[in-house]
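Let me begin by presenting the structure, written as structure tokens, before commenting on it.
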Amino acid sequence: MKLFYERVVPLMTGDRKMTHKKVPRVGGPLLKLVSQDATAHASRTFTNHSGASGTDRKIKHRLLYRTSLLLLFTALGLLLGRAEILATFMPFALPAYAVTLQYRKNQSLWLAVGLTLGSATVISHGGDPLIVFTMLVSYRLLYELIKRVDSIDAYSLPMLVMMVDAGFRFGFSLPGHGFNYFALGVAVIEGLLTFILTYMFLQVPPLLVTSPHRSWRIEEAIAIVILFASVLSGLQGWQIHGVYVESVVARYAILLFAAAGGAGIGGAIGIVTGVILALGSSTFTPLIGVFGFAGVLAGLLHETKKPVVAIGFVIGSGILTLYVANNHLLLDEMIATLIAALGYFLTPSKLIQEGANLLPGTMRHVISQQEHVRRIKSLMTSRIQEIAMLFSQLSGSFTDGTGPLERQEIVNHQIVERTIHQICDHCHYQSRCWSKNAATTLQSMSDAVRILEINPDMAKESMPAALTSLCIKPDMLLGTMKNARELVIRHQFLIQQLRESRQIVADQLSGVAEIMLDLAQEIQMETGANHRQESAILKACIQLGLEVEDVEIISLEEGNVEIEVLQLRPSPHDEAGKLVAPLLSEILGETITVRSVEQYTDHAAQRIRLSSARQYQVLSGFASVAKDGTLKSGDFFSVMDLGNGKCAIALSDGMGNGERANQESSAAVNLVQQLLRAGFPEEVAIKTVNSALVLRSTDEMFATLDLAIVDLFTAKAEFLKVGSVPSFVRQGEKVMMVRGESLPIGILDEIEIQTKSVELQEGNLLVFMSDGIFEALSKLPEPEDWVCRQLERFATDDPQRLADWLLEAAVRVDGGMIRDDMTIVCARIERYKPGWATIRLPDMPSIRTKKDRKRLNKRMNAHQVSHQPTESVKRILGGL
């Protein structure tokens, strides 16, 4: 056994040093320990060997990758070095080298080698490897020299290539032919060609390094084809049994692009490929039209199966080949077409689908982009929902920390404890009061605190008799008790302030969470899922004679329709309101109105946003005058559509008069309306404005707020009054008054918001006033009754005339004096009536089914019936 551990184990583990160690006599535990050590060491050795083999594989893969790149760029240079145009120009070498040097510097050497070798293979056709080699070396030296001074961006590269190429071409012609205009013209033309080719080649590298989800632009796809056709030009003259290799490869490429991109892409690729090949060899000149027509025909069939696309390409190519090709070339061209069709048929469909995802204008590309947008929407929605949940949890944490205030008994107990701690704990007669008469002393002190609560200025004579008989320091005890009560009350006030502040923050965070959840729902709303309806609307608009480019349906929900229309070359005659909205009203079976029209900067198009019409609308008028007839009034009002089917009517009166009062009132109204438009609840919005006014200045500044939110679908109004004077609602011959008793905003951290809901009807009038009106009526015994009588007496329904008459009457009551800012805002509720009748066209497309239309009509009729006042409602209104 000893020999085994001295000789065999080291050989198994690879540890030569163990053979020189003296191994002690081993037993069971030691044998187990040595065995475990040997196994672990063997495992580490195996891991090291595996890591070494993995590193070797990585090195082999890297070597194989670099060798492949070397061969690829050398072959690319070889073919581009052979390419020529009209047997005179060879403009492909320097642009390819310049772009490679800019983006792939390590492979530029092998490309230069290939370009030089390629030009050497066509010396008999005008190739000059000396010019190519010298031009590439000179460009490299010039490039490095310029880079030492300044960086070279992609925009300056074409100009640099053009100057180098034209200069070398013309310079090499001078020794043999001298100066002549033909050589100069050839150099200039080749320089322009290199400029264009460099610009086109610059489009290719970004496509190879950017995200695979990024779609190609048309010019980028054309650049790829130009590069491919330029490489094909290097294959000129290569034949297999009379069939040109470049002809087969060109047809195969055209067929692939047509199958992936459709007729437009296929035709464009065919024309470009044919032109470049024809410039290199006159043999391909008659085939320009053949390639283009075959690409169009195959592209028209790209939605069908692969055999059908291949047959279409063969037919398109064969028809024109019969017309343009010579008899001895006809068979070769047809063979080339059949070989290309066979290669396309053998190409995996997945490869073609990947190409369709990249090419613009294809249905697969559109679907791919929609999937990409859908993923982004899903990601954004999840992130917004997470943030909304965070705000909701923060709101809950603030709400959880706002417990109820302590009861009065506990407060009184705290006052007694403070008094005992400051007076009784240091008194020499403590035992007499708290050891012998503890119950009597505690009860008498509690009674004293309750008396002090009723009469804070309590004197010693009003103290309980038991307390004065026990305590030897009644005056000090009473003073200490008053101080303790003041401290406890102040502490309770701070707790109340903290509770109110926490509740305000909790409400605001909860409002933000609700808004973000609504935003997430709007983002997640699928657009583009109503292709049939969008096509029907687009067809109807075109049939009406409108130049409409695109129709996008955001929502088709009844009563909440939202559609965007992109109109080209709009006229200044309001076609959106006179034609588009009436047409959609007829198609959808409900009244549609124009919400907004966004004109493009060049006035070449406009985006029309249409939505369901509200059942009601608000018409307003106002009359206002500043104190003593000055220009700046401290009152501020606004009537604004909140965008969610509601209208806000707000009137605010700032403290005092003039510019400062106007700033306070306008800030209150504007901030409230912005918060309401953002989606905050009304009470949260008003409390937020109150906090802002309290914190914005150390001066005492406040403002009243009279707010009414009118639902334009149900005609229900919610009045929110904060420190404002009464408002009035005229319903027929009856006038109802809406009161509020709370303080203005900006005074206290916590305000009381008084709300009242009123069911309105068509023709009802809402009247809001500032306190300057009631100050002018202060001499009257009942100013509110006077306003009610005036509203009953004025028979007009025009809100503007009514506001003017009321203000004039109020000023006359005060003898023509204007003692304060006076503002009156009137608003009338009207049922919405479209300005134009619906437009019905022959063969009008149907967006909604008859069942949907019947349900919509039934809902609208029920809505109208529900707003007819019942007898009980009339009696209640009469009582008011």
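In the structure tokens, chains take letters A, B, ... by order of appearance, with residues numbered from 1 within each chain and ligands from 1 in the order shown.
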### Message
I want to know what sits within 12 Å of Lys646 of chain A, based on only C-alpha atoms, with residues of the same chain fewer than 4 positions away left out; could you give that as a ChimeraX atom specification?
### Response
/A:613-618,639-642,673,676-677,679,682,708-718
### Task
Please identify all polymer residues within 12 Å of Thr591 of chain A, counting only C-alpha atoms, omitting same-chain residues fewer than 3 positions from it, and present them as a ChimeraX atom specification.
/A:558-562,577,580-588,594,610-616,832-839,856-857,860
Keeping only C-alpha atoms, take the residues you just selected and write them out as a short mmCIF file (atom, residue, chain, number, x, y, z; two decimals), in the first residue's frame.
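Written output follows (again_25.cif):
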```cif
data_model
loop_
_atom_site.label_atom_id
_atom_site.label_comp_id
_atom_site.auth_asym_id
_atom_site.auth_seq_id
_atom_site.Cartn_x
_atom_site.Cartn_y
_atom_site.Cartn_z
CA GLU A 558 -69.18 53.98 -30.05
CA GLY A 559 -69.16 57.51 -28.71
CA ASN A 560 -65.36 57.50 -28.50
CA VAL A 561 -64.31 57.36 -32.16
CA GLU A 562 -60.87 58.72 -32.95
CA GLY A 577 -65.18 70.24 -41.55
CA VAL A 580 -64.32 64.76 -44.29
CA ALA A 581 -66.38 64.99 -41.08
CA PRO A 582 -69.80 64.69 -42.81
CA LEU A 583 -68.53 61.75 -44.87
CA LEU A 584 -67.31 59.89 -41.77
CA SER A 585 -70.56 60.71 -39.98
CA GLU A 586 -72.48 58.89 -42.69
CA ILE A 587 -70.06 55.96 -42.79
CA LEU A 588 -70.00 55.42 -39.01
CA VAL A 594 -62.98 67.83 -36.36
CA LEU A 610 -61.55 63.59 -35.95
CA SER A 611 -63.55 62.27 -33.01
CA SER A 612 -67.10 61.57 -31.88
CA ALA A 613 -69.17 64.70 -31.47
CA ARG A 614 -70.31 65.62 -27.98
CA GLN A 615 -74.04 65.58 -27.35
CA TYR A 616 -73.88 69.11 -25.94
CA TYR A 832 -74.67 70.00 -30.60
CA LYS A 833 -75.88 70.46 -34.16
CA PRO A 834 -73.45 69.69 -36.99
CA GLY A 835 -72.95 72.54 -39.40
CA TRP A 836 -73.13 70.32 -42.48
CA ALA A 837 -75.37 67.45 -43.47
CA THR A 838 -73.86 64.00 -43.90
CA ILE A 839 -72.59 63.00 -47.34
CA LEU A 856 -76.13 53.09 -31.19
CA ASN A 857 -79.50 54.61 -32.16
CA MET A 860 -78.91 57.80 -28.21
#
```
### Message
Under the rule that only C-alpha atoms are counted, which of A:His531, A:Leu142, A:Pro95, A:Tyr181 is the nearest residue to Asp165 of chain A?
### Response
A:Pro95
### Query
Leaving out Glu461 of chain A and any residue of its chain fewer than 6 positions from it, which residues lie within 12 Å of it when counting only C-alpha atoms, given as a ChimeraX atom specification?
/A:448,451,467-469,474-475,478
#### Entry: Separation of atom CA of Ser138 of chain A from atom CA of Met200 of chain A, in Å and rounded to one decimal
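Computed distance, atom CA of Ser138 of chain A to atom CA of Met200 of chain A, equals 22.5 Å.
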### Query
Mind checking DSSP for segment 556-758 of chain A and telling me the helix (DSSP H, G or I) residues as a VMD selection string?
chain A and resid 575 to 588 627 to 629 658 to 678 682 to 696
Restrict the selected residues to C-alpha atoms and save them as a tab-separated table (two decimals), in the first residue's frame.
```tsv
chain	number	residue	atom	x	y	z
A	575	GLU	CA	-62.49	70.62	-46.41
A	576	ALA	CA	-61.99	68.86	-43.08
A	577	GLY	CA	-65.18	70.24	-41.55
A	578	LYS	CA	-67.27	70.44	-44.73
A	579	LEU	CA	-66.36	67.16	-46.41
A	580	VAL	CA	-64.32	64.76	-44.29
A	581	ALA	CA	-66.38	64.99	-41.08
A	582	PRO	CA	-69.80	64.69	-42.81
A	583	LEU	CA	-68.53	61.75	-44.87
A	584	LEU	CA	-67.31	59.89	-41.77
A	585	SER	CA	-70.56	60.71	-39.98
A	586	GLU	CA	-72.48	58.89	-42.69
A	587	ILE	CA	-70.06	55.96	-42.79
A	588	LEU	CA	-70.00	55.42	-39.01
A	627	LYS	CA	-61.90	98.88	-10.02
A	628	ASP	CA	-62.35	102.62	-10.65
A	629	GLY	CA	-62.24	101.94	-14.40
A	658	GLY	CA	-54.42	95.29	-9.98
A	659	GLU	CA	-51.50	93.31	-11.36
A	660	ARG	CA	-50.69	91.23	-8.26
A	661	ALA	CA	-54.30	90.11	-7.79
A	662	ASN	CA	-54.50	89.21	-11.47
A	663	GLN	CA	-51.36	87.07	-11.15
A	664	GLU	CA	-52.87	85.12	-8.26
A	665	SER	CA	-56.24	84.55	-9.91
A	666	SER	CA	-54.76	83.66	-13.33
A	667	ALA	CA	-52.27	81.28	-11.70
A	668	ALA	CA	-55.10	79.52	-9.86
A	669	VAL	CA	-57.30	79.13	-12.95
A	670	ASN	CA	-54.53	78.11	-15.35
A	671	LEU	CA	-53.00	75.59	-12.98
A	672	VAL	CA	-56.36	74.01	-12.18
A	673	GLN	CA	-57.23	73.64	-15.84
A	674	GLN	CA	-53.84	72.18	-16.72
A	675	LEU	CA	-54.17	69.62	-13.93
A	676	LEU	CA	-57.68	68.75	-15.09
A	677	ARG	CA	-56.49	68.32	-18.68
A	678	ALA	CA	-53.74	66.03	-17.41
A	682	GLU	CA	-61.12	67.91	-9.49
A	683	GLU	CA	-60.57	67.96	-5.74
A	684	VAL	CA	-56.94	66.83	-6.04
A	685	ALA	CA	-56.33	69.57	-8.63
A	686	ILE	CA	-57.78	72.28	-6.36
A	687	LYS	CA	-55.83	71.05	-3.32
A	688	THR	CA	-52.65	71.05	-5.38
A	689	VAL	CA	-53.26	74.63	-6.47
A	690	ASN	CA	-53.95	75.59	-2.87
A	691	SER	CA	-50.61	74.11	-1.78
A	692	ALA	CA	-48.83	75.93	-4.61
A	693	LEU	CA	-50.35	79.29	-3.64
A	694	VAL	CA	-49.50	78.76	0.03
A	695	LEU	CA	-45.86	77.92	-0.71
A	696	ARG	CA	-45.15	80.31	-3.57
```
Within 12 Å of Glu514 of chain A using only C-alpha atoms, minus same-chain residues under 2 positions, as a tab-separated table (two decimals) with N, CA, C and O atoms, in the first residue's frame:
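Generated output (around.tsv):
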```tsv
chain	number	residue	atom	x	y	z
A	384	ILE	N	-44.02	51.90	-17.67
A	384	ILE	CA	-44.92	52.93	-17.14
A	384	ILE	C	-45.81	52.34	-16.05
A	384	ILE	O	-46.07	52.97	-15.02
A	385	GLN	N	-46.28	51.10	-16.25
A	385	GLN	CA	-47.10	50.47	-15.23
A	385	GLN	C	-46.31	50.22	-13.96
A	385	GLN	O	-46.84	50.36	-12.85
A	387	ILE	N	-43.82	52.07	-12.89
A	387	ILE	CA	-43.68	53.38	-12.23
A	387	ILE	C	-45.00	53.79	-11.61
A	387	ILE	O	-45.02	54.36	-10.50
A	388	ALA	N	-46.12	53.50	-12.30
A	388	ALA	CA	-47.43	53.83	-11.73
A	388	ALA	C	-47.67	53.06	-10.44
A	388	ALA	O	-48.20	53.60	-9.45
A	389	MET	N	-47.30	51.78	-10.43
A	389	MET	CA	-47.45	50.99	-9.20
A	389	MET	C	-46.56	51.55	-8.09
A	389	MET	O	-46.94	51.55	-6.92
A	390	LEU	N	-45.38	52.04	-8.46
A	390	LEU	CA	-44.50	52.65	-7.47
A	390	LEU	C	-45.16	53.88	-6.86
A	390	LEU	O	-45.17	54.06	-5.63
A	391	PHE	N	-45.74	54.75	-7.71
A	391	PHE	CA	-46.43	55.93	-7.20
A	391	PHE	C	-47.62	55.52	-6.33
A	391	PHE	O	-47.91	56.15	-5.30
A	392	SER	N	-48.33	54.47	-6.75
A	392	SER	CA	-49.47	54.02	-5.96
A	392	SER	C	-49.03	53.51	-4.60
A	392	SER	O	-49.67	53.80	-3.57
A	395	SER	N	-48.14	56.41	-2.48
A	395	SER	CA	-49.36	57.04	-1.99
A	395	SER	C	-49.92	56.27	-0.81
A	395	SER	O	-50.34	56.86	0.20
A	507	ASP	N	-52.73	62.02	-2.19
A	507	ASP	CA	-53.70	62.24	-3.27
A	507	ASP	C	-52.99	62.58	-4.58
A	507	ASP	O	-53.38	62.10	-5.65
A	508	GLN	N	-51.96	63.41	-4.50
A	508	GLN	CA	-51.24	63.77	-5.71
A	508	GLN	C	-50.53	62.57	-6.32
A	508	GLN	O	-50.55	62.36	-7.53
A	509	LEU	N	-49.88	61.76	-5.48
A	509	LEU	CA	-49.21	60.56	-5.99
A	509	LEU	C	-50.22	59.58	-6.58
A	509	LEU	O	-49.96	58.95	-7.62
A	510	SER	N	-51.36	59.46	-5.94
A	510	SER	CA	-52.40	58.58	-6.48
A	510	SER	C	-52.91	59.10	-7.82
A	510	SER	O	-53.15	58.32	-8.74
A	511	GLY	N	-53.06	60.43	-7.93
A	511	GLY	CA	-53.48	61.00	-9.21
A	511	GLY	C	-52.46	60.76	-10.31
A	511	GLY	O	-52.81	60.42	-11.45
A	512	VAL	N	-51.17	60.91	-9.98
A	512	VAL	CA	-50.12	60.63	-10.97
A	512	VAL	C	-50.15	59.17	-11.39
A	512	VAL	O	-49.99	58.83	-12.57
A	516	MET	N	-50.71	57.82	-15.21
A	516	MET	CA	-49.72	56.97	-15.88
A	516	MET	C	-50.34	55.64	-16.32
A	516	MET	O	-50.01	55.11	-17.38
A	517	LEU	N	-51.27	55.10	-15.55
A	517	LEU	CA	-51.96	53.89	-15.98
A	517	LEU	C	-52.81	54.16	-17.22
A	517	LEU	O	-52.88	53.33	-18.14
A	518	ASP	N	-53.48	55.31	-17.25
A	518	ASP	CA	-54.25	55.68	-18.45
A	518	ASP	C	-53.32	55.86	-19.65
A	518	ASP	O	-53.66	55.45	-20.78
A	519	LEU	N	-52.16	56.46	-19.40
A	519	LEU	CA	-51.19	56.63	-20.49
A	519	LEU	C	-50.71	55.29	-21.01
A	519	LEU	O	-50.58	55.08	-22.22
A	520	ALA	N	-50.45	54.36	-20.09
A	520	ALA	CA	-50.02	53.02	-20.51
A	520	ALA	C	-51.10	52.34	-21.34
A	520	ALA	O	-50.81	51.66	-22.33
A	521	GLN	N	-52.36	52.53	-20.95
A	521	GLN	CA	-53.45	51.92	-21.70
A	521	GLN	C	-53.55	52.54	-23.10
A	521	GLN	O	-53.80	51.84	-24.08
A	678	ALA	N	-54.66	67.15	-17.59
A	678	ALA	CA	-53.74	66.03	-17.41
A	678	ALA	C	-54.43	64.80	-16.86
A	678	ALA	O	-53.86	63.71	-16.92
A	679	GLY	N	-55.66	64.97	-16.32
A	679	GLY	CA	-56.39	63.81	-15.83
A	679	GLY	C	-56.53	63.74	-14.32
A	679	GLY	O	-57.06	62.75	-13.81
A	680	PHE	N	-56.09	64.76	-13.58
A	680	PHE	CA	-56.23	64.73	-12.13
A	680	PHE	C	-57.70	64.92	-11.76
A	680	PHE	O	-58.43	65.68	-12.42
A	681	PRO	N	-58.16	64.26	-10.69
A	681	PRO	CA	-59.51	64.54	-10.18
A	681	PRO	C	-59.64	66.00	-9.75
A	681	PRO	O	-58.66	66.65	-9.39
```
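Reported to one decimal place, the separation of atom CA of Glu759 of chain A from atom CA of Phe622 of chain A is 23.0 Å.
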### Task
Quote the spacing between atom CA of Gln800 of chain A and atom CA of Phe636 of chain A in Å to one decimal place.
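For atom CA of Gln800 of chain A relative to atom CA of Phe636 of chain A, the distance reads 16.7 Å.
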### Message
Can you pull out the residues contacting segment 75-92 of chain A? Cut-off 9 Å, using only C-alpha atoms, and skip same-chain residues under 6 positions away; I want them as a VMD selection string.
### Response
chain A and resid 110 to 122 125 to 127 129 132 165 186 to 187 189 to 191 193 to 194 197 to 198 230 to 236 276 to 282
### Task
Could you please write out, as a PyMOL selection string, every residue of segment 500-688 of chain A that DSSP assigns to strand (DSSP E)?
chain A and resi 548-555+562-568+592-599+605-612+616-625+635-641+646-654
### Query
Which neighbours of Val308 of chain A fall inside 12 Å, counting only C-alpha atoms, when residues of the same chain fewer than 5 positions from it are skipped, and could you give them as a list in words?
Leu255, Ala259, Leu297, Ala298, Gly299, Leu300, Leu301, His302, Glu303, Phe313, Val314, Ile315, Ala341, Tyr344 and Phe345 of chain A
Selected residues written out, all heavy atoms, as a CSV table (one decimal), in the first residue's frame:
```csv
chain,number,residue,atom,x,y,z
A,255,LEU,N,-34.1,37.9,-59.4
A,255,LEU,CA,-35.2,37.1,-59.0
A,255,LEU,C,-35.4,37.1,-57.5
A,255,LEU,O,-36.5,37.1,-57.0
A,255,LEU,CB,-35.0,35.6,-59.5
A,255,LEU,CG,-36.1,34.6,-59.4
A,255,LEU,CD1,-37.4,35.2,-60.0
A,255,LEU,CD2,-35.8,33.4,-60.1
A,259,ALA,N,-38.7,38.5,-55.6
A,259,ALA,CA,-39.5,37.7,-54.7
A,259,ALA,C,-39.6,38.3,-53.3
A,259,ALA,O,-40.6,38.1,-52.7
A,259,ALA,CB,-38.9,36.3,-54.7
A,297,LEU,N,-42.4,41.5,-63.5
A,297,LEU,CA,-43.4,40.4,-63.6
A,297,LEU,C,-43.2,39.4,-62.4
A,297,LEU,O,-44.2,38.9,-61.9
A,297,LEU,CB,-43.2,39.6,-64.9
A,297,LEU,CG,-44.3,38.6,-65.3
A,297,LEU,CD1,-45.6,39.3,-65.3
A,297,LEU,CD2,-44.0,38.0,-66.7
A,298,ALA,N,-41.9,39.1,-62.1
A,298,ALA,CA,-41.7,38.2,-60.9
A,298,ALA,C,-42.2,38.9,-59.6
A,298,ALA,O,-42.7,38.2,-58.7
A,298,ALA,CB,-40.3,37.8,-60.9
A,299,GLY,N,-41.9,40.2,-59.5
A,299,GLY,CA,-42.3,40.9,-58.3
A,299,GLY,C,-43.8,40.9,-58.1
A,299,GLY,O,-44.3,40.9,-57.0
A,300,LEU,N,-44.6,41.0,-59.3
A,300,LEU,CA,-46.0,41.0,-59.2
A,300,LEU,C,-46.6,39.7,-58.6
A,300,LEU,O,-47.7,39.7,-58.0
A,300,LEU,CB,-46.7,41.3,-60.5
A,300,LEU,CG,-46.5,42.7,-61.1
A,300,LEU,CD1,-47.0,42.7,-62.5
A,300,LEU,CD2,-47.2,43.7,-60.2
A,301,LEU,N,-45.8,38.7,-58.7
A,301,LEU,CA,-46.3,37.3,-58.2
A,301,LEU,C,-45.6,36.9,-56.9
A,301,LEU,O,-45.6,35.8,-56.5
A,301,LEU,CB,-46.0,36.3,-59.3
A,301,LEU,CG,-46.6,36.5,-60.7
A,301,LEU,CD1,-46.1,35.5,-61.7
A,301,LEU,CD2,-48.1,36.4,-60.6
A,302,HIS,N,-44.9,37.9,-56.2
A,302,HIS,CA,-44.1,37.5,-55.1
A,302,HIS,C,-44.9,37.1,-53.9
A,302,HIS,O,-44.4,36.4,-53.0
A,302,HIS,CB,-43.2,38.7,-54.6
A,302,HIS,CG,-44.0,39.8,-53.9
A,302,HIS,ND1,-44.9,40.6,-54.5
A,302,HIS,CD2,-44.0,40.1,-52.6
A,302,HIS,CE1,-45.4,41.5,-53.6
A,302,HIS,NE2,-44.9,41.2,-52.4
A,303,GLU,N,-46.3,37.3,-53.9
A,303,GLU,CA,-47.1,36.8,-52.8
A,303,GLU,C,-47.5,35.4,-53.0
A,303,GLU,O,-48.1,34.8,-52.1
A,303,GLU,CB,-48.4,37.7,-52.6
A,303,GLU,CG,-48.1,39.1,-52.2
A,303,GLU,CD,-47.6,39.2,-50.8
A,303,GLU,OE1,-47.8,38.2,-50.0
A,303,GLU,OE2,-47.0,40.2,-50.4
A,313,PHE,N,-40.9,34.8,-63.9
A,313,PHE,CA,-39.6,35.4,-64.3
A,313,PHE,C,-39.2,34.8,-65.6
A,313,PHE,O,-38.7,35.5,-66.5
A,313,PHE,CB,-38.6,35.1,-63.2
A,313,PHE,CG,-37.2,35.7,-63.5
A,313,PHE,CD1,-37.0,37.1,-63.3
A,313,PHE,CD2,-36.2,35.0,-64.0
A,313,PHE,CE1,-35.8,37.7,-63.5
A,313,PHE,CE2,-35.0,35.5,-64.3
A,313,PHE,CZ,-34.8,36.9,-64.1
A,314,VAL,N,-39.3,33.5,-65.8
A,314,VAL,CA,-38.9,32.8,-67.0
A,314,VAL,C,-39.8,33.4,-68.2
A,314,VAL,O,-39.2,33.6,-69.3
A,314,VAL,CB,-39.1,31.3,-66.9
A,314,VAL,CG1,-38.9,30.6,-68.2
A,314,VAL,CG2,-38.1,30.8,-65.9
A,315,ILE,N,-41.1,33.5,-68.0
A,315,ILE,CA,-41.9,34.0,-69.1
A,315,ILE,C,-41.6,35.5,-69.4
A,315,ILE,O,-41.4,35.8,-70.6
A,315,ILE,CB,-43.4,33.9,-68.6
A,315,ILE,CG1,-43.8,32.4,-68.5
A,315,ILE,CG2,-44.3,34.7,-69.6
A,315,ILE,CD1,-45.2,32.3,-68.0
A,341,ALA,N,-33.5,30.4,-62.4
A,341,ALA,CA,-34.8,30.0,-61.8
A,341,ALA,C,-34.6,28.8,-60.9
A,341,ALA,O,-35.2,28.7,-59.8
A,341,ALA,CB,-35.9,29.8,-62.9
A,344,TYR,N,-33.0,29.9,-57.7
A,344,TYR,CA,-34.0,30.5,-56.8
A,344,TYR,C,-34.9,29.5,-56.2
A,344,TYR,O,-35.2,29.6,-55.0
A,344,TYR,CB,-34.8,31.5,-57.6
A,344,TYR,CG,-36.1,31.9,-56.9
A,344,TYR,CD1,-36.1,32.7,-55.8
A,344,TYR,CD2,-37.3,31.4,-57.4
A,344,TYR,CE1,-37.3,33.1,-55.2
A,344,TYR,CE2,-38.5,31.7,-56.8
A,344,TYR,CZ,-38.5,32.6,-55.7
A,344,TYR,OH,-39.7,33.0,-55.0
A,345,PHE,N,-35.3,28.5,-56.9
A,345,PHE,CA,-36.2,27.4,-56.4
A,345,PHE,C,-35.5,26.7,-55.3
A,345,PHE,O,-36.1,26.2,-54.3
A,345,PHE,CB,-36.6,26.5,-57.5
A,345,PHE,CG,-37.6,25.5,-57.1
A,345,PHE,CD1,-39.0,25.9,-56.9
A,345,PHE,CD2,-37.3,24.2,-56.8
A,345,PHE,CE1,-39.9,25.0,-56.5
A,345,PHE,CE2,-38.3,23.3,-56.4
A,345,PHE,CZ,-39.6,23.7,-56.3
```
#### Entry: Near-Asn437 of chain A list (12 Å; only C-alpha atoms; drop same-chain fewer than 4 positions) as a ChimeraX atom specification
/A:429-433,441-444,466-467,469-471
